[in-house]
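Dropping my_file-v6.pdb in here (PDB, C-alpha atoms):
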ATOM      1  CA  MET A  45      -2.532  -0.184 -60.437  1.00  0.00           C
ATOM      2  CA  SER A  46       0.410  -0.697 -58.146  1.00  0.00           C
ATOM      3  CA  GLY A  47       0.348  -0.360 -54.395  1.00  0.00           C
ATOM      4  CA  VAL A  48      -1.178  -2.212 -51.467  1.00  0.00           C
ATOM      5  CA  TRP A  49      -4.844  -3.047 -51.027  1.00  0.00           C
ATOM      6  CA  ILE A  50      -6.122  -2.680 -47.449  1.00  0.00           C
ATOM      7  CA  PHE A  51      -9.437  -4.054 -46.180  1.00  0.00           C
ATOM      8  CA  ASP A  52     -11.125  -2.220 -43.306  1.00  0.00           C
ATOM      9  CA  LYS A  53     -13.341  -3.821 -40.628  1.00  0.00           C
ATOM     10  CA  LYS A  54     -16.390  -3.636 -42.896  1.00  0.00           C
ATOM     11  CA  GLY A  55     -14.607  -5.472 -45.696  1.00  0.00           C
ATOM     12  CA  VAL A  56     -14.223  -2.405 -47.912  1.00  0.00           C
ATOM     13  CA  ALA A  57     -10.961  -2.348 -49.840  1.00  0.00           C
ATOM     14  CA  ARG A  58      -8.886   0.745 -50.626  1.00  0.00           C
ATOM     15  CA  LEU A  59      -5.683   1.093 -52.613  1.00  0.00           C
ATOM     16  CA  ILE A  60      -2.642   2.716 -51.022  1.00  0.00           C
ATOM     17  CA  PRO A  61      -0.128   3.691 -53.725  1.00  0.00           C
ATOM     18  CA  ASN A  62       3.510   3.828 -52.515  1.00  0.00           C
ATOM     19  CA  PRO A  63       2.600   2.951 -48.919  1.00  0.00           C
ATOM     20  CA  THR A  64       4.290   4.381 -45.832  1.00  0.00           C
ATOM     21  CA  ARG A  65       3.818   3.424 -42.203  1.00  0.00           C
ATOM     22  CA  GLU A  66       1.446   6.377 -41.684  1.00  0.00           C
ATOM     23  CA  SER A  67      -0.754   5.300 -44.573  1.00  0.00           C
ATOM     24  CA  PHE A  68      -1.454   2.007 -42.789  1.00  0.00           C
ATOM     25  CA  GLU A  69      -2.176   3.660 -39.444  1.00  0.00           C
ATOM     26  CA  HIS A  70      -4.632   6.273 -40.754  1.00  0.00           C
ATOM     27  CA  LYS A  71      -7.365   6.133 -43.321  1.00  0.00           C
ATOM     28  CA  HIS A  72      -6.242   9.548 -44.544  1.00  0.00           C
ATOM     29  CA  PRO A  73      -2.619  10.472 -43.758  1.00  0.00           C
ATOM     30  CA  ILE A  74      -2.093  13.362 -41.354  1.00  0.00           C
ATOM     31  CA  TYR A  75       0.391  14.872 -43.788  1.00  0.00           C
ATOM     32  CA  PRO A  76      -0.619  15.110 -47.435  1.00  0.00           C
ATOM     33  CA  GLY A  77       2.908  14.213 -48.574  1.00  0.00           C
ATOM     34  CA  THR A  78       4.568  14.937 -51.865  1.00  0.00           C
ATOM     35  CA  SER A  79       4.217  13.580 -55.341  1.00  0.00           C
ATOM     36  CA  THR A  80       7.066  11.145 -54.694  1.00  0.00           C
ATOM     37  CA  ALA A  81       5.996   9.951 -51.260  1.00  0.00           C
ATOM     38  CA  PRO A  82       2.293  10.105 -50.467  1.00  0.00           C
ATOM     39  CA  GLY A  83       1.734  10.189 -46.734  1.00  0.00           C
ATOM     40  CA  ALA A  84       5.355  11.073 -45.960  1.00  0.00           C
ATOM     41  CA  ARG A  85       5.994  13.624 -43.254  1.00  0.00           C
ATOM     42  CA  PRO A  86       7.328  16.952 -44.507  1.00  0.00           C
ATOM     43  CA  ARG A  87      10.986  17.594 -43.797  1.00  0.00           C
ATOM     44  CA  VAL A  88      13.006  20.763 -43.325  1.00  0.00           C
ATOM     45  CA  LEU A  89      16.704  21.563 -43.541  1.00  0.00           C
ATOM     46  CA  VAL A  90      18.129  23.046 -40.346  1.00  0.00           C
ATOM     47  CA  TYR A  91      21.397  24.986 -40.021  1.00  0.00           C
ATOM     48  CA  LEU A  92      22.703  23.589 -36.706  1.00  0.00           C
ATOM     49  CA  PRO A  93      24.943  26.393 -35.355  1.00  0.00           C
ATOM     50  CA  THR A  94      21.929  28.741 -35.129  1.00  0.00           C
ATOM     51  CA  ASN A  95      19.130  26.134 -35.230  1.00  0.00           C
ATOM     52  CA  GLN A  96      17.713  28.033 -38.236  1.00  0.00           C
ATOM     53  CA  VAL A  97      15.249  26.391 -40.600  1.00  0.00           C
ATOM     54  CA  ILE A  98      16.292  27.113 -44.193  1.00  0.00           C
ATOM     55  CA  ASN A  99      13.267  28.617 -45.955  1.00  0.00           C
ATOM     56  CA  SER A 100      14.794  29.967 -49.167  1.00  0.00           C
ATOM     57  CA  TYR A 101      17.727  29.596 -51.492  1.00  0.00           C
ATOM     58  CA  SER A 102      19.078  32.990 -50.422  1.00  0.00           C
ATOM     59  CA  GLU A 103      19.339  31.717 -46.819  1.00  0.00           C
ATOM     60  CA  LEU A 104      20.909  28.471 -48.015  1.00  0.00           C
ATOM     61  CA  GLU A 105      23.381  30.231 -50.309  1.00  0.00           C
ATOM     62  CA  HIS A 106      24.410  32.536 -47.443  1.00  0.00           C
ATOM     63  CA  ARG A 107      25.111  29.546 -45.161  1.00  0.00           C
ATOM     64  CA  LEU A 108      26.917  27.545 -47.856  1.00  0.00           C
ATOM     65  CA  THR A 109      29.083  30.570 -48.719  1.00  0.00           C
ATOM     66  CA  GLU A 110      30.082  30.848 -45.047  1.00  0.00           C
ATOM     67  CA  LEU A 111      31.208  27.215 -45.223  1.00  0.00           C
ATOM     68  CA  GLY A 112      33.392  27.755 -48.286  1.00  0.00           C
ATOM     69  CA  TRP A 113      30.996  26.733 -51.048  1.00  0.00           C
ATOM     70  CA  THR A 114      30.762  28.914 -54.139  1.00  0.00           C
ATOM     71  CA  ARG A 115      28.040  29.199 -56.730  1.00  0.00           C
ATOM     72  CA  TYR A 116      28.846  27.296 -59.902  1.00  0.00           C
ATOM     73  CA  HIS A 117      27.263  28.815 -63.008  1.00  0.00           C
ATOM     74  CA  ASN A 118      26.596  25.947 -65.377  1.00  0.00           C
ATOM     75  CA  PHE A 119      25.005  27.396 -68.508  1.00  0.00           C
ATOM     76  CA  THR A 120      24.406  23.940 -69.994  1.00  0.00           C
ATOM     77  CA  GLN A 121      21.922  23.139 -67.174  1.00  0.00           C
ATOM     78  CA  PRO A 122      20.000  26.359 -66.465  1.00  0.00           C
ATOM     79  CA  HIS A 123      17.313  24.464 -64.501  1.00  0.00           C
ATOM     80  CA  LEU A 124      19.815  23.744 -61.685  1.00  0.00           C
ATOM     81  CA  LEU A 125      21.519  25.777 -58.985  1.00  0.00           C
ATOM     82  CA  GLN A 126      24.937  24.319 -58.301  1.00  0.00           C
ATOM     83  CA  PHE A 127      27.537  24.903 -55.616  1.00  0.00           C
ATOM     84  CA  HIS A 128      31.070  23.540 -55.480  1.00  0.00           C
ATOM     85  CA  LYS A 129      33.522  23.383 -52.594  1.00  0.00           C
ATOM     86  CA  SER A 130      36.674  24.365 -54.479  1.00  0.00           C
ATOM     87  CA  GLU A 131      38.345  24.081 -57.846  1.00  0.00           C
ATOM     88  CA  ASN A 132      40.323  21.058 -56.581  1.00  0.00           C
ATOM     89  CA  SER A 133      37.329  19.204 -55.161  1.00  0.00           C
ATOM     90  CA  ALA A 134      34.825  16.903 -56.812  1.00  0.00           C
ATOM     91  CA  HIS A 135      32.096  17.936 -54.323  1.00  0.00           C
ATOM     92  CA  LEU A 136      29.107  19.439 -56.096  1.00  0.00           C
ATOM     93  CA  ILE A 137      25.638  20.218 -54.783  1.00  0.00           C
ATOM     94  CA  SER A 138      22.927  20.362 -57.445  1.00  0.00           C
ATOM     95  CA  LEU A 139      19.515  21.784 -56.582  1.00  0.00           C
ATOM     96  CA  PRO A 140      16.389  22.536 -58.613  1.00  0.00           C
ATOM     97  CA  ARG A 141      16.184  26.237 -59.484  1.00  0.00           C
ATOM     98  CA  ASN A 142      12.681  26.497 -58.008  1.00  0.00           C
ATOM     99  CA  PHE A 143      12.714  26.217 -54.188  1.00  0.00           C
ATOM    100  CA  ALA A 144       9.234  24.650 -54.317  1.00  0.00           C
ATOM    101  CA  HIS A 145      10.907  21.567 -55.830  1.00  0.00           C
ATOM    102  CA  PHE A 146      13.530  21.372 -53.038  1.00  0.00           C
ATOM    103  CA  ARG A 147      12.981  17.884 -51.568  1.00  0.00           C
ATOM    104  CA  ALA A 148      14.447  15.671 -48.843  1.00  0.00           C
ATOM    105  CA  LEU A 149      16.781  14.122 -51.417  1.00  0.00           C
ATOM    106  CA  HIS A 150      18.446  17.511 -51.933  1.00  0.00           C
ATOM    107  CA  MET A 151      18.511  18.184 -48.190  1.00  0.00           C
ATOM    108  CA  TYR A 152      20.309  14.921 -47.484  1.00  0.00           C
ATOM    109  CA  ASP A 153      22.855  15.706 -50.216  1.00  0.00           C
ATOM    110  CA  ILE A 154      23.673  18.947 -48.367  1.00  0.00           C
ATOM    111  CA  VAL A 155      23.825  17.153 -45.004  1.00  0.00           C
ATOM    112  CA  VAL A 156      26.201  14.454 -46.270  1.00  0.00           C
ATOM    113  CA  LYS A 157      28.596  17.091 -47.602  1.00  0.00           C
ATOM    114  CA  ASN A 158      28.325  19.314 -44.477  1.00  0.00           C
ATOM    115  CA  ARG A 159      27.686  16.822 -41.656  1.00  0.00           C
ATOM    116  CA  SER A 160      28.297  19.012 -38.640  1.00  0.00           C
ATOM    117  CA  PHE A 161      26.436  22.050 -39.993  1.00  0.00           C
ATOM    118  CA  PHE A 162      23.107  20.821 -41.370  1.00  0.00           C
ATOM    119  CA  GLN A 163      20.449  18.352 -40.327  1.00  0.00           C
ATOM    120  CA  VAL A 164      17.160  17.173 -41.824  1.00  0.00           C
ATOM    121  CA  ARG A 165      14.245  17.113 -39.390  1.00  0.00           C
ATOM    122  CA  GLU A 166      10.522  16.504 -39.519  1.00  0.00           C
ATOM    123  CA  ALA A 167       8.711  19.816 -39.935  1.00  0.00           C
ATOM    124  CA  ALA A 168       6.543  19.180 -36.863  1.00  0.00           C
ATOM    125  CA  ALA A 169       9.642  18.620 -34.687  1.00  0.00           C
ATOM    126  CA  THR A 170      11.047  22.083 -35.418  1.00  0.00           C
ATOM    127  CA  GLN A 171       7.952  24.054 -34.417  1.00  0.00           C
TER     128      GLN A 171
END
Spell out the structure here as structure tokens.
Amino acid sequence: MSGVWIFDKKGVARLIPNPTRESFEHKHPIYPGTSTAPGARPRVLVYLPTNQVINSYSELEHRLTELGWTRYHNFTQPHLLQFHKSENSAHLISLPRNFAHFRALHMYDIVVKNRSFFQVREAAATQ
């Protein structure tokens, strides 16, 4: 069992696997988190020119196409959606085919390759 053991005021210990700051501040995290980061705050990808939260791959593909990205059909990896900037560029964005598996890691990959157009924010901050 890996993680951090925390003792409360009554001396009762509890295990916090993969601890975050929130998991130390609250007995039960406010945000349930994801399988890779228990207690982590949910994040969303925001298209900055319109302040639009990206909620689907169709919205994302529309915005990436506007910025010059094209869909790359890689039949050797059917579990991925891929976009490339141009034939002469090494820039490639790889995303899981299922939007439910779209995580902060993928969002930051998009932000790094389109700095002035996308931003990752906490979900609570956008509402």
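Once Val155 (chain A) and its same-chain neighbours fewer than 2 positions away are set aside, A:Val88, A:Leu89, A:Val90, A:Tyr91, A:Leu92, A:Leu108, A:Ile137, A:Ala148, A:Leu149, A:His150, A:Met151, A:Tyr152, A:Asp153, A:Lys157, A:Asn158, A:Arg159, A:Ser160, A:Phe161, A:Phe162, A:Gln163, A:Val164, A:Arg165 remain within 12 Å of it when counting only C-alpha atoms.
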| query | Smallest atom-to-atom distance to His145 (chain A): which of A:Phe127, A:Tyr101, A:Trp113, A:Phe119, using only C-alpha atoms? | reply | A:Tyr101
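Picture a line from CA of Ser100 (chain A) to CA of Phe143 (chain A); it runs 6.6 Å.
Relative to CA of Arg87 (chain A), CA of Asn99 (chain A) is found at 11.5 Å.
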With only C-alpha atoms counted, which protein, DNA or RNA residues have an atom no more than 7 Å from (18.2, 21.8, -56.0) in the file frame? Please answer as a short mmCIF file (atom, residue, chain, number, x, y, z; two decimals) with C-alpha atoms, keeping the file's coordinate frame.
data_model
loop_
_atom_site.label_atom_id
_atom_site.label_comp_id
_atom_site.auth_asym_id
_atom_site.auth_seq_id
_atom_site.Cartn_x
_atom_site.Cartn_y
_atom_site.Cartn_z
CA LEU A 124 19.82 23.74 -61.68
CA LEU A 125 21.52 25.78 -58.98
CA SER A 138 22.93 20.36 -57.44
CA LEU A 139 19.52 21.78 -56.58
CA PRO A 140 16.39 22.54 -58.61
CA ARG A 141 16.18 26.24 -59.48
CA PHE A 146 13.53 21.37 -53.04
CA HIS A 150 18.45 17.51 -51.93
#
| Suppose you want the space between CA of Arg107 (chain A) and CA of Asn95 (chain A); what is it in Å? | 12.1 Å
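These residues, each with an atom at most 12 Å from (30.9, 21.3, -57.4) using all atoms listed in the file, are Gly112, Trp113, Thr114, Arg115, Tyr116, His117, Asn118, Leu125, Gln126, Phe127, His128, Lys129, Ser130, Glu131, Asn132, Ser133, Ala134, His135, Leu136, Ile137, Ser138, Leu139, Ile154 and Lys157 of chain A.
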| task | May I have the residues within 7 Å of Val48 (chain A) as an MDAnalysis selection string, using all atoms listed in the file and disregarding those fewer than 2 positions away in the same chain? | result | chainID A and resid 50 59:61 63
Selected residues, C-alpha atoms, written as a compact mmCIF listing (two decimals), in the coordinates of the input, please.
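Ended up saving to out_15.txt:
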# COMPACT_ATOMS: atom_id res chain seq x y z
CA ILE A 50 -6.12 -2.68 -47.45
CA LEU A 59 -5.68 1.09 -52.61
CA ILE A 60 -2.64 2.72 -51.02
CA PRO A 61 -0.13 3.69 -53.72
CA PRO A 63 2.60 2.95 -48.92
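Residue nearest Asn142 (chain A) within the list A:Arg58, A:His123, A:His106, A:Arg85: A:His123 [criterion: smallest interatomic distance, only C-alpha atoms].
Among the candidates A:Gln121, A:Ala168, A:Leu104, A:Pro86, the one nearest to Arg147 (chain A) when counting all atoms listed in the file is A:Pro86.
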